[in-house]
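Asker: First, the structure itself, so that you have it in front of you.
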Amino acid sequence: MFTGIIEHIGNLTAVDHTHAGSVLTVALGPLADGTRLGDSIAVEGVCLTVTRLDGDAARFDVSAETRRKTTLPGWSVGRRVNLERALAFGQRLGGHLVSGHVDGVGRLLDRHKEGDSESFTFVLPDDKSVRVVEKGSITIDGVSLTTWDCRGARCSIAVVPHTLTHTTLSGLRPGMTVNLEMDLIGRWVETMMPH
């Protein structure tokens with residue numbers, strides 16, 4: 001489990017895409033201290049398992065299913081990625097409950113300044129794999145955010161300056177795709193409701 005509070009922005013130092021999946025190497029920076037083989041780390045909101053460590057570089061093996069559900073096929077060397085280590089029980093939950101299991105890929109439609117913050121509007125997947133509610137939680141590239149102005153297949157979020165400078169959201173431009181994970185509790189409630 002994760003919280004959607006980004007700990008560090010890492011760099012993708014190697015990537016190998018094959019028909020069966022991908023192998024990524026990410027420079028973890030200070031997060032390498034205490035990281036062990038088998039640990040889970042959310043990389044751009046995707047829960048991945050550390051399969052090899054070499055200094056501050058961690059290797060992750062990625063399944064074909066994960067590639068199908070995420071923005072990962074478009075990743076290349078040099079990409080900056082949001083990183084968060086798995087939550088330890090007893091820690092503060094600063095964001096919301098996040099599994100790191102991406103529900104779908106969205107697209108940034110627009111972004112503009114609103115005072116010191118910025119407003120981002122996203123288009124949700126056509127297959128309705130991601131549902132949002134007004135003032136609910138969503139994870140965008142691993143960042144826990146609050147939704148507003150939810151209309152049809154669109155929703156907006158406000159991003160404060162701290163979040164812009166401490167995540168990869170600052171580099172998003174209209175047309176770019178993002179990993180989306182809907183609220184975990186909302187996902188279960190929706191599953192249990194009769195249709």
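By convention in this document, the chains of the structure tokens carry letters A, B, ... by their order, each chain's residues are numbered from 1, and ligands are numbered from 1 in the order they are shown.
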How would you write, as a VMD selection string, the set of residues in chain A that DSSP gives as strand (DSSP E)?
Answerer: chain A and resid 8 to 18 21 to 27 40 to 43 46 to 54 57 to 63 80 to 85 104 to 114 117 to 123 137 to 140 143 to 151 154 to 159 177 to 182
Asker: Please dump the current selection as a compact mmCIF listing (two decimals), in the first residue's frame; keep C-alpha atoms.
Answerer:
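Below is the file that was written, result_7.txt:
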```
# COMPACT_ATOMS: atom_id res chain seq x y z
CA HIS A 8 11.66 11.49 -4.47
CA ILE A 9 11.90 12.05 -8.22
CA GLY A 10 14.13 9.36 -9.72
CA ASN A 11 15.53 8.85 -13.20
CA LEU A 12 15.02 5.97 -15.59
CA THR A 13 18.56 4.88 -16.47
CA ALA A 14 17.81 1.79 -18.57
CA VAL A 15 14.76 0.31 -20.25
CA ASP A 16 14.27 -2.85 -22.29
CA HIS A 17 10.85 -3.37 -23.85
CA THR A 18 10.07 -6.82 -25.26
CA GLY A 21 7.13 -7.16 -20.77
CA SER A 22 9.78 -4.66 -19.79
CA VAL A 23 12.83 -4.40 -17.56
CA LEU A 24 13.47 -0.99 -16.02
CA THR A 25 16.39 0.39 -14.06
CA VAL A 26 15.71 3.43 -11.91
CA ALA A 27 18.15 5.59 -9.95
CA SER A 40 7.58 -2.63 -3.49
CA ILE A 41 8.10 0.86 -4.88
CA ALA A 42 5.51 2.92 -6.74
CA VAL A 43 7.13 4.25 -9.92
CA VAL A 46 2.83 1.72 -10.75
CA CYS A 47 3.60 -0.75 -7.95
CA LEU A 48 6.78 -2.58 -8.95
CA THR A 49 9.01 -5.08 -7.16
CA VAL A 50 12.75 -4.55 -6.77
CA THR A 51 14.45 -7.54 -8.47
CA ARG A 52 18.06 -6.32 -8.38
CA LEU A 53 20.02 -3.60 -6.58
CA ASP A 54 23.31 -2.06 -7.65
CA ALA A 57 20.00 1.67 -9.03
CA ALA A 58 17.03 -0.68 -8.72
CA ARG A 59 15.86 -3.06 -11.42
CA PHE A 60 12.18 -3.84 -11.91
CA ASP A 61 10.65 -6.57 -14.11
CA VAL A 62 7.34 -5.46 -15.60
CA SER A 63 4.62 -7.80 -16.86
CA ARG A 80 11.96 11.49 -14.50
CA VAL A 81 9.66 9.33 -12.37
CA ASN A 82 7.76 9.86 -9.13
CA LEU A 83 8.88 7.39 -6.45
CA GLU A 84 7.23 6.25 -3.23
CA ARG A 85 8.20 3.33 -1.01
CA GLY A 104 -6.29 3.30 -16.72
CA VAL A 105 -4.50 5.94 -18.73
CA GLY A 106 -5.82 9.49 -18.92
CA ARG A 107 -4.74 12.54 -20.90
CA LEU A 108 -4.04 16.11 -19.83
CA LEU A 109 -6.49 18.37 -21.64
CA ASP A 110 -5.55 21.75 -20.16
CA ARG A 111 -3.54 23.44 -17.44
CA HIS A 112 -3.58 27.04 -16.32
CA LYS A 113 -2.53 29.24 -13.42
CA GLU A 114 -4.99 30.05 -10.64
CA SER A 117 -1.55 27.11 -7.83
CA GLU A 118 -2.39 25.53 -11.17
CA SER A 119 -5.56 23.86 -12.39
CA PHE A 120 -5.18 20.69 -14.48
CA THR A 121 -8.09 19.14 -16.43
CA PHE A 122 -7.83 15.50 -17.45
CA VAL A 123 -9.80 13.32 -19.84
CA SER A 137 -9.35 11.20 -4.33
CA ILE A 138 -7.44 10.17 -7.43
CA THR A 139 -3.83 9.29 -8.04
CA ILE A 140 -2.17 10.83 -11.09
CA VAL A 143 0.44 11.66 -6.76
CA SER A 144 -2.55 11.77 -4.39
CA LEU A 145 -4.88 14.59 -5.45
CA THR A 146 -8.43 15.83 -4.86
CA THR A 147 -10.88 16.05 -7.76
CA TRP A 148 -13.27 18.87 -8.54
CA ASP A 149 -15.38 19.95 -11.50
CA CYS A 150 -16.09 16.33 -12.44
CA ARG A 151 -18.24 16.26 -15.57
CA ARG A 154 -13.39 14.92 -17.42
CA CYS A 155 -12.19 16.03 -14.03
CA SER A 156 -10.00 18.79 -12.71
CA ILE A 157 -7.46 18.98 -9.92
CA ALA A 158 -5.68 21.88 -8.25
CA VAL A 159 -1.93 21.53 -7.77
CA THR A 177 -0.80 10.73 -20.93
CA VAL A 178 -0.83 9.85 -17.23
CA ASN A 179 -1.40 6.80 -15.04
CA LEU A 180 -4.68 7.01 -13.12
CA GLU A 181 -5.76 5.08 -10.05
CA MET A 182 -9.20 5.74 -8.65
```
Asker: Quick one, how far is atom CA of Ala20 of chain A from atom CA of Asp56 of chain A?
Answerer: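 The value is 26.4 Å.
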Asker: Got a sec to tell me which of chain A DSSP assigns to helix (DSSP H, G or I), as an MDAnalysis selection string?
Answerer: chainID A and resid 29:32 64:69 72:74 161:166 168:171 184:192
Asker: Pick out the residues sitting within 7 Å of segment 161-164 of chain A, and hand them over as a PyMOL selection string; count only C-alpha atoms, and ignore anything fewer than 5 positions along from it in its own chain.
Answerer: chain A and resi 116-117+169-170
Asker: Give me, please, the distance in Å between atom CA of Val98 of chain A and atom CA of Gly186 of chain A, quoted to one decimal.
Answerer: 11.3 Å
Asker: Any idea what the distance is between atom CA of Lys135 of chain A and atom CA of Ile185 of chain A?
Answerer: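 Computing the Euclidean distance for atom CA of Lys135 of chain A and atom CA of Ile185 of chain A yields 14.1 Å.
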